[in-house]
file query-v2.pdb (PDB, N, CA and C atoms, pLDDT in the B column)
ATOM      1  N   MET A 685      41.969  27.243 -77.457  1.00 75.00           N
ATOM      2  CA  MET A 685      42.000  25.835 -77.823  1.00 75.00           C
ATOM      3  C   MET A 685      43.298  25.234 -77.303  1.00 75.00           C
ATOM      4  N   ASN A 686      43.198  24.063 -76.743  1.00 84.00           N
ATOM      5  CA  ASN A 686      44.343  23.374 -76.181  1.00 84.00           C
ATOM      6  C   ASN A 686      45.095  22.622 -77.288  1.00 84.00           C
ATOM      7  N   PRO A 687      46.411  22.889 -77.432  1.00 88.00           N
ATOM      8  CA  PRO A 687      47.193  22.182 -78.462  1.00 88.00           C
ATOM      9  C   PRO A 687      47.128  20.662 -78.345  1.00 88.00           C
ATOM     10  N   HIS A 688      46.975  20.151 -77.124  1.00 85.00           N
ATOM     11  CA  HIS A 688      46.905  18.696 -76.955  1.00 85.00           C
ATOM     12  C   HIS A 688      45.641  18.110 -77.582  1.00 85.00           C
ATOM     13  N   ASP A 689      44.601  18.936 -77.745  1.00 84.00           N
ATOM     14  CA  ASP A 689      43.383  18.470 -78.409  1.00 84.00           C
ATOM     15  C   ASP A 689      43.659  18.071 -79.858  1.00 84.00           C
ATOM     16  N   PHE A 690      44.731  18.633 -80.438  1.00 87.00           N
ATOM     17  CA  PHE A 690      45.109  18.345 -81.821  1.00 87.00           C
ATOM     18  C   PHE A 690      46.376  17.495 -81.899  1.00 87.00           C
ATOM     19  N   ASN A 691      46.713  16.849 -80.771  1.00 86.00           N
ATOM     20  CA  ASN A 691      47.887  15.981 -80.691  1.00 86.00           C
ATOM     21  C   ASN A 691      49.188  16.745 -80.958  1.00 86.00           C
ATOM     22  N   LEU A 692      49.235  18.008 -80.564  1.00 92.00           N
ATOM     23  CA  LEU A 692      50.446  18.823 -80.688  1.00 92.00           C
ATOM     24  C   LEU A 692      51.173  18.750 -79.349  1.00 92.00           C
ATOM     25  N   MET A 693      52.282  18.045 -79.309  1.00 91.00           N
ATOM     26  CA  MET A 693      52.963  17.766 -78.053  1.00 91.00           C
ATOM     27  C   MET A 693      54.160  18.679 -77.783  1.00 91.00           C
ATOM     28  N   LYS A 694      54.651  19.354 -78.812  1.00 95.00           N
ATOM     29  CA  LYS A 694      55.786  20.264 -78.648  1.00 95.00           C
ATOM     30  C   LYS A 694      55.269  21.680 -78.451  1.00 95.00           C
ATOM     31  N   ALA A 695      56.105  22.549 -77.902  1.00 96.00           N
ATOM     32  CA  ALA A 695      55.716  23.949 -77.710  1.00 96.00           C
ATOM     33  C   ALA A 695      55.753  24.718 -79.023  1.00 96.00           C
ATOM     34  N   ASN A 696      56.727  24.411 -79.861  1.00 97.00           N
ATOM     35  CA  ASN A 696      56.912  25.112 -81.134  1.00 97.00           C
ATOM     36  C   ASN A 696      57.266  24.123 -82.229  1.00 97.00           C
ATOM     37  N   TYR A 697      56.924  24.503 -83.471  1.00 97.00           N
ATOM     38  CA  TYR A 697      57.190  23.650 -84.631  1.00 97.00           C
ATOM     39  C   TYR A 697      57.937  24.432 -85.699  1.00 97.00           C
ATOM     40  N   THR A 698      58.870  23.759 -86.361  1.00 97.00           N
ATOM     41  CA  THR A 698      59.598  24.362 -87.467  1.00 97.00           C
ATOM     42  C   THR A 698      58.682  24.406 -88.694  1.00 97.00           C
ATOM     43  N   ILE A 699      59.155  25.032 -89.756  1.00 97.00           N
ATOM     44  CA  ILE A 699      58.389  25.057 -91.002  1.00 97.00           C
ATOM     45  C   ILE A 699      58.134  23.638 -91.493  1.00 97.00           C
ATOM     46  N   SER A 700      59.149  22.816 -91.497  1.00 97.00           N
ATOM     47  CA  SER A 700      59.014  21.439 -91.970  1.00 97.00           C
ATOM     48  C   SER A 700      58.028  20.653 -91.111  1.00 97.00           C
ATOM     49  N   GLU A 701      58.132  20.792 -89.802  1.00 97.00           N
ATOM     50  CA  GLU A 701      57.225  20.086 -88.902  1.00 97.00           C
ATOM     51  C   GLU A 701      55.790  20.588 -89.059  1.00 97.00           C
ATOM     52  N   THR A 702      55.636  21.882 -89.289  1.00 97.00           N
ATOM     53  CA  THR A 702      54.308  22.461 -89.475  1.00 97.00           C
ATOM     54  C   THR A 702      53.662  21.914 -90.740  1.00 97.00           C
ATOM     55  N   LYS A 703      54.431  21.830 -91.816  1.00 97.00           N
ATOM     56  CA  LYS A 703      53.897  21.255 -93.054  1.00 97.00           C
ATOM     57  C   LYS A 703      53.431  19.826 -92.821  1.00 97.00           C
ATOM     58  N   THR A 704      54.193  19.066 -92.059  1.00 96.00           N
ATOM     59  CA  THR A 704      53.832  17.690 -91.755  1.00 96.00           C
ATOM     60  C   THR A 704      52.567  17.632 -90.899  1.00 96.00           C
ATOM     61  N   GLN A 705      52.510  18.460 -89.863  1.00 95.00           N
ATOM     62  CA  GLN A 705      51.344  18.472 -88.974  1.00 95.00           C
ATOM     63  C   GLN A 705      50.065  18.844 -89.718  1.00 95.00           C
ATOM     64  N   LEU A 706      50.170  19.801 -90.643  1.00 95.00           N
ATOM     65  CA  LEU A 706      48.994  20.268 -91.381  1.00 95.00           C
ATOM     66  C   LEU A 706      48.743  19.485 -92.665  1.00 95.00           C
ATOM     67  N   CYS A 707      49.672  18.616 -93.031  1.00 95.00           N
ATOM     68  CA  CYS A 707      49.576  17.833 -94.276  1.00 95.00           C
ATOM     69  C   CYS A 707      49.440  18.749 -95.490  1.00 95.00           C
ATOM     70  N   VAL A 708      50.276  19.786 -95.529  1.00 97.00           N
ATOM     71  CA  VAL A 708      50.284  20.719 -96.657  1.00 97.00           C
ATOM     72  C   VAL A 708      51.713  20.859 -97.166  1.00 97.00           C
ATOM     73  N   GLY A 709      51.830  21.379 -98.366  1.00 97.00           N
ATOM     74  CA  GLY A 709      53.136  21.619 -98.954  1.00 97.00           C
ATOM     75  C   GLY A 709      53.632  23.028 -98.657  1.00 97.00           C
ATOM     76  N   HIS A 710      54.812  23.290 -99.162  1.00 96.00           N
ATOM     77  CA  HIS A 710      55.484  24.578 -98.972  1.00 96.00           C
ATOM     78  C   HIS A 710      54.623  25.741 -99.487  1.00 96.00           C
ATOM     79  N   THR A 711      54.103  25.608-100.686  1.00 98.00           N
ATOM     80  CA  THR A 711      53.317  26.686-101.302  1.00 98.00           C
ATOM     81  C   THR A 711      52.066  26.984-100.490  1.00 98.00           C
ATOM     82  N   LYS A 712      51.352  25.960-100.059  1.00 97.00           N
ATOM     83  CA  LYS A 712      50.121  26.156 -99.289  1.00 97.00           C
ATOM     84  C   LYS A 712      50.424  26.796 -97.939  1.00 97.00           C
ATOM     85  N   LEU A 713      51.498  26.372 -97.279  1.00 97.00           N
ATOM     86  CA  LEU A 713      51.862  26.950 -95.990  1.00 97.00           C
ATOM     87  C   LEU A 713      52.122  28.444 -96.132  1.00 97.00           C
ATOM     88  N   TYR A 714      52.900  28.825 -97.133  1.00 97.00           N
ATOM     89  CA  TYR A 714      53.204  30.241 -97.318  1.00 97.00           C
ATOM     90  C   TYR A 714      51.983  31.026 -97.778  1.00 97.00           C
ATOM     91  N   ASP A 715      51.046  30.371 -98.452  1.00 98.00           N
ATOM     92  CA  ASP A 715      49.792  31.015 -98.819  1.00 98.00           C
ATOM     93  C   ASP A 715      48.969  31.317 -97.560  1.00 98.00           C
ATOM     94  N   LEU A 716      48.931  30.380 -96.623  1.00 97.00           N
ATOM     95  CA  LEU A 716      48.218  30.598 -95.358  1.00 97.00           C
ATOM     96  C   LEU A 716      48.832  31.759 -94.573  1.00 97.00           C
ATOM     97  N   ILE A 717      50.152  31.856 -94.596  1.00 97.00           N
ATOM     98  CA  ILE A 717      50.844  32.954 -93.914  1.00 97.00           C
ATOM     99  C   ILE A 717      50.516  34.272 -94.597  1.00 97.00           C
ATOM    100  N   LYS A 718      50.598  34.294 -95.926  1.00 97.00           N
ATOM    101  CA  LYS A 718      50.328  35.511 -96.693  1.00 97.00           C
ATOM    102  C   LYS A 718      48.901  36.013 -96.462  1.00 97.00           C
ATOM    103  N   LYS A 719      47.946  35.077 -96.350  1.00 97.00           N
ATOM    104  CA  LYS A 719      46.547  35.433 -96.126  1.00 97.00           C
ATOM    105  C   LYS A 719      46.244  35.712 -94.649  1.00 97.00           C
ATOM    106  N   LYS A 720      47.301  35.669 -93.816  1.00 97.00           N
ATOM    107  CA  LYS A 720      47.198  35.919 -92.373  1.00 97.00           C
ATOM    108  C   LYS A 720      46.262  34.939 -91.659  1.00 97.00           C
ATOM    109  N   GLN A 721      46.179  33.731 -92.185  1.00 97.00           N
ATOM    110  CA  GLN A 721      45.417  32.683 -91.527  1.00 97.00           C
ATOM    111  C   GLN A 721      46.267  31.937 -90.514  1.00 97.00           C
ATOM    112  N   LEU A 722      47.581  32.045 -90.677  1.00 97.00           N
ATOM    113  CA  LEU A 722      48.546  31.390 -89.802  1.00 97.00           C
ATOM    114  C   LEU A 722      49.685  32.370 -89.571  1.00 97.00           C
ATOM    115  N   THR A 723      50.059  32.574 -88.305  1.00 96.00           N
ATOM    116  CA  THR A 723      51.076  33.570 -87.976  1.00 96.00           C
ATOM    117  C   THR A 723      52.311  32.908 -87.372  1.00 96.00           C
ATOM    118  N   PRO A 724      53.438  32.968 -88.081  1.00 97.00           N
ATOM    119  CA  PRO A 724      54.683  32.418 -87.548  1.00 97.00           C
ATOM    120  C   PRO A 724      55.391  33.433 -86.656  1.00 97.00           C
ATOM    121  N   LEU A 725      56.365  32.969 -85.906  1.00 97.00           N
ATOM    122  CA  LEU A 725      57.239  33.828 -85.125  1.00 97.00           C
ATOM    123  C   LEU A 725      58.654  33.683 -85.674  1.00 97.00           C
ATOM    124  N   LYS A 726      59.438  34.738 -85.536  1.00 96.00           N
ATOM    125  CA  LYS A 726      60.838  34.688 -85.958  1.00 96.00           C
ATOM    126  C   LYS A 726      61.716  34.782 -84.718  1.00 96.00           C
ATOM    127  N   ILE A 727      62.693  33.899 -84.632  1.00 95.00           N
ATOM    128  CA  ILE A 727      63.731  33.966 -83.608  1.00 95.00           C
ATOM    129  C   ILE A 727      65.039  34.013 -84.377  1.00 95.00           C
ATOM    130  N   GLY A 728      65.569  35.216 -84.518  1.00 96.00           N
ATOM    131  CA  GLY A 728      66.727  35.396 -85.392  1.00 96.00           C
ATOM    132  C   GLY A 728      66.294  35.096 -86.812  1.00 96.00           C
ATOM    133  N   LYS A 729      66.960  34.150 -87.450  1.00 95.00           N
ATOM    134  CA  LYS A 729      66.598  33.756 -88.810  1.00 95.00           C
ATOM    135  C   LYS A 729      65.644  32.569 -88.836  1.00 95.00           C
ATOM    136  N   LYS A 730      65.391  31.996 -87.677  1.00 96.00           N
ATOM    137  CA  LYS A 730      64.547  30.793 -87.599  1.00 96.00           C
ATOM    138  C   LYS A 730      63.071  31.176 -87.509  1.00 96.00           C
ATOM    139  N   THR A 731      62.262  30.497 -88.296  1.00 96.00           N
ATOM    140  CA  THR A 731      60.811  30.682 -88.280  1.00 96.00           C
ATOM    141  C   THR A 731      60.193  29.514 -87.542  1.00 96.00           C
ATOM    142  N   ILE A 732      59.343  29.825 -86.561  1.00 98.00           N
ATOM    143  CA  ILE A 732      58.667  28.778 -85.802  1.00 98.00           C
ATOM    144  C   ILE A 732      57.170  29.072 -85.726  1.00 98.00           C
ATOM    145  N   PHE A 733      56.428  28.037 -85.432  1.00 98.00           N
ATOM    146  CA  PHE A 733      54.988  28.151 -85.247  1.00 98.00           C
ATOM    147  C   PHE A 733      54.665  27.593 -83.862  1.00 98.00           C
ATOM    148  N   PRO A 734      54.206  28.440 -82.947  1.00 97.00           N
ATOM    149  CA  PRO A 734      53.818  27.924 -81.625  1.00 97.00           C
ATOM    150  C   PRO A 734      52.648  26.943 -81.747  1.00 97.00           C
ATOM    151  N   ALA A 735      52.652  25.932 -80.898  1.00 96.00           N
ATOM    152  CA  ALA A 735      51.575  24.941 -80.918  1.00 96.00           C
ATOM    153  C   ALA A 735      50.222  25.609 -80.714  1.00 96.00           C
ATOM    154  N   ALA A 736      50.169  26.642 -79.885  1.00 96.00           N
ATOM    155  CA  ALA A 736      48.905  27.346 -79.651  1.00 96.00           C
ATOM    156  C   ALA A 736      48.389  27.991 -80.936  1.00 96.00           C
ATOM    157  N   GLU A 737      49.284  28.502 -81.774  1.00 96.00           N
ATOM    158  CA  GLU A 737      48.879  29.109 -83.042  1.00 96.00           C
ATOM    159  C   GLU A 737      48.363  28.037 -84.002  1.00 96.00           C
ATOM    160  N   LEU A 738      49.017  26.891 -84.041  1.00 96.00           N
ATOM    161  CA  LEU A 738      48.547  25.804 -84.892  1.00 96.00           C
ATOM    162  C   LEU A 738      47.177  25.304 -84.420  1.00 96.00           C
ATOM    163  N   ALA A 739      46.985  25.194 -83.102  1.00 95.00           N
ATOM    164  CA  ALA A 739      45.694  24.767 -82.564  1.00 95.00           C
ATOM    165  C   ALA A 739      44.610  25.793 -82.895  1.00 95.00           C
ATOM    166  N   ARG A 740      44.944  27.076 -82.795  1.00 95.00           N
ATOM    167  CA  ARG A 740      43.988  28.136 -83.132  1.00 95.00           C
ATOM    168  C   ARG A 740      43.561  28.002 -84.585  1.00 95.00           C
ATOM    169  N   PHE A 741      44.540  27.819 -85.485  1.00 96.00           N
ATOM    170  CA  PHE A 741      44.251  27.670 -86.898  1.00 96.00           C
ATOM    171  C   PHE A 741      43.388  26.429 -87.164  1.00 96.00           C
ATOM    172  N   LEU A 742      43.772  25.305 -86.593  1.00 94.00           N
ATOM    173  CA  LEU A 742      43.030  24.059 -86.807  1.00 94.00           C
ATOM    174  C   LEU A 742      41.598  24.169 -86.296  1.00 94.00           C
ATOM    175  N   SER A 743      41.400  24.928 -85.231  1.00 93.00           N
ATOM    176  CA  SER A 743      40.052  25.061 -84.677  1.00 93.00           C
ATOM    177  C   SER A 743      39.135  25.891 -85.575  1.00 93.00           C
ATOM    178  N   THR A 744      39.708  26.646 -86.525  1.00 93.00           N
ATOM    179  CA  THR A 744      38.907  27.455 -87.432  1.00 93.00           C
ATOM    180  C   THR A 744      38.426  26.661 -88.651  1.00 93.00           C
ATOM    181  N   LEU A 745      39.005  25.486 -88.860  1.00 92.00           N
ATOM    182  CA  LEU A 745      38.655  24.678 -90.027  1.00 92.00           C
ATOM    183  C   LEU A 745      37.324  23.971 -89.825  1.00 92.00           C
ATOM    184  N   LYS A 746      36.604  23.805 -90.891  1.00 87.00           N
ATOM    185  CA  LYS A 746      35.311  23.128 -90.850  1.00 87.00           C
ATOM    186  C   LYS A 746      35.497  21.677 -91.287  1.00 87.00           C
ATOM    187  N   PRO A 747      34.708  20.763 -90.712  1.00 85.00           N
ATOM    188  CA  PRO A 747      34.792  19.358 -91.141  1.00 85.00           C
ATOM    189  C   PRO A 747      34.404  19.190 -92.606  1.00 85.00           C
ATOM    190  N   ALA A 748      35.005  18.208 -93.245  1.00 82.00           N
ATOM    191  CA  ALA A 748      34.649  17.909 -94.637  1.00 82.00           C
ATOM    192  C   ALA A 748      33.234  17.373 -94.686  1.00 82.00           C
ATOM    193  N   ALA A 749      32.526  17.744 -95.725  1.00 74.00           N
ATOM    194  CA  ALA A 749      31.121  17.309 -95.854  1.00 74.00           C
ATOM    195  C   ALA A 749      31.052  15.906 -96.409  1.00 74.00           C
TER     196      ALA A 749
END

call {"tool": "encode", "arguments": {"input": "query-v2.pdb", "output": "structure tokens"}}
result
Amino acid sequence: MNPHDFNLMKANYTISETKTQLCVGHTKLYDLIKKKQLTPLKIGKKTIFPAAELARFLSTLKPAA
């Protein structure tokens, strides 16, 4: 899935930016990570989410009924 299809213009997103992009809070984001639905990367102490990973996750979601 192409990140641009989901209006993701940066290569990587911080935790704060990811929460904003997904419209979720801190608890929900960490729940998604714990359930292995979303996989972050670590660079030193910094946690990032590649745009490709966010696009992959978003593509798994089903439309609201």

call {"tool": "axis_aligned_box", "arguments": {"input": "query-v2.pdb", "around": "stretch 716-735 of chain A", "padding_each_side": "3 Å", "output": "AutoDock Vina command-line options"}}
result
--center_x 56.2 --center_y 30.5 --center_z -88.7 --size_x 27.5 --size_y 17.1 --size_z 22.0

call {"tool": "resolve_selection", "arguments": {"input": "query-v2.pdb", "expression": "the PyMOL selection byres ((chain A and resi 725-741) around 8)", "output": "list in words"}}
result
Met685, Asn686, Pro687, His688, Asp689, Phe690, Leu692, Met693, Lys694, Ala695, Asn696, Tyr697, Thr698, Ile699, Ser700, Thr702, Gln721, Leu722, Thr723, Pro724, Leu742, Ser743, Thr744 and Leu745 of chain A

call {"tool": "atom_distance", "arguments": {"input": "query-v2.pdb", "atom1": "atom CA of A:Tyr714", "atom2": "atom CA of A:Pro747"}}
result
22.3 Å

call {"tool": "atom_distance", "arguments": {"input": "query-v2.pdb", "atom1": "atom CA of A:Lys718", "atom2": "atom CA of A:Leu706"}}
result
16.2 Å

call {"tool": "select_by_dssp", "arguments": {"input": "query-v2.pdb", "residues": "chain A", "states": "alpha helix (DSSP H)", "output": "VMD selection string"}}
result
chain A and resid 699 to 706 710 to 718 735 to 744

call {"tool": "select_by_dssp", "arguments": {"input": "query-v2.pdb", "residues": "chain A", "states": "strand (DSSP E or B)", "output": "list in words"}}
result
Asn696, Tyr697, Thr698, Leu725, Lys726, Ile727, Lys730, Thr731, Ile732, Phe733 and Pro734 of chain A

call {"tool": "atom_distance", "arguments": {"input": "query-v2.pdb", "atom1": "atom C of A:Lys719", "atom2": "atom C of A:Ala749"}}
result
25.0 Å
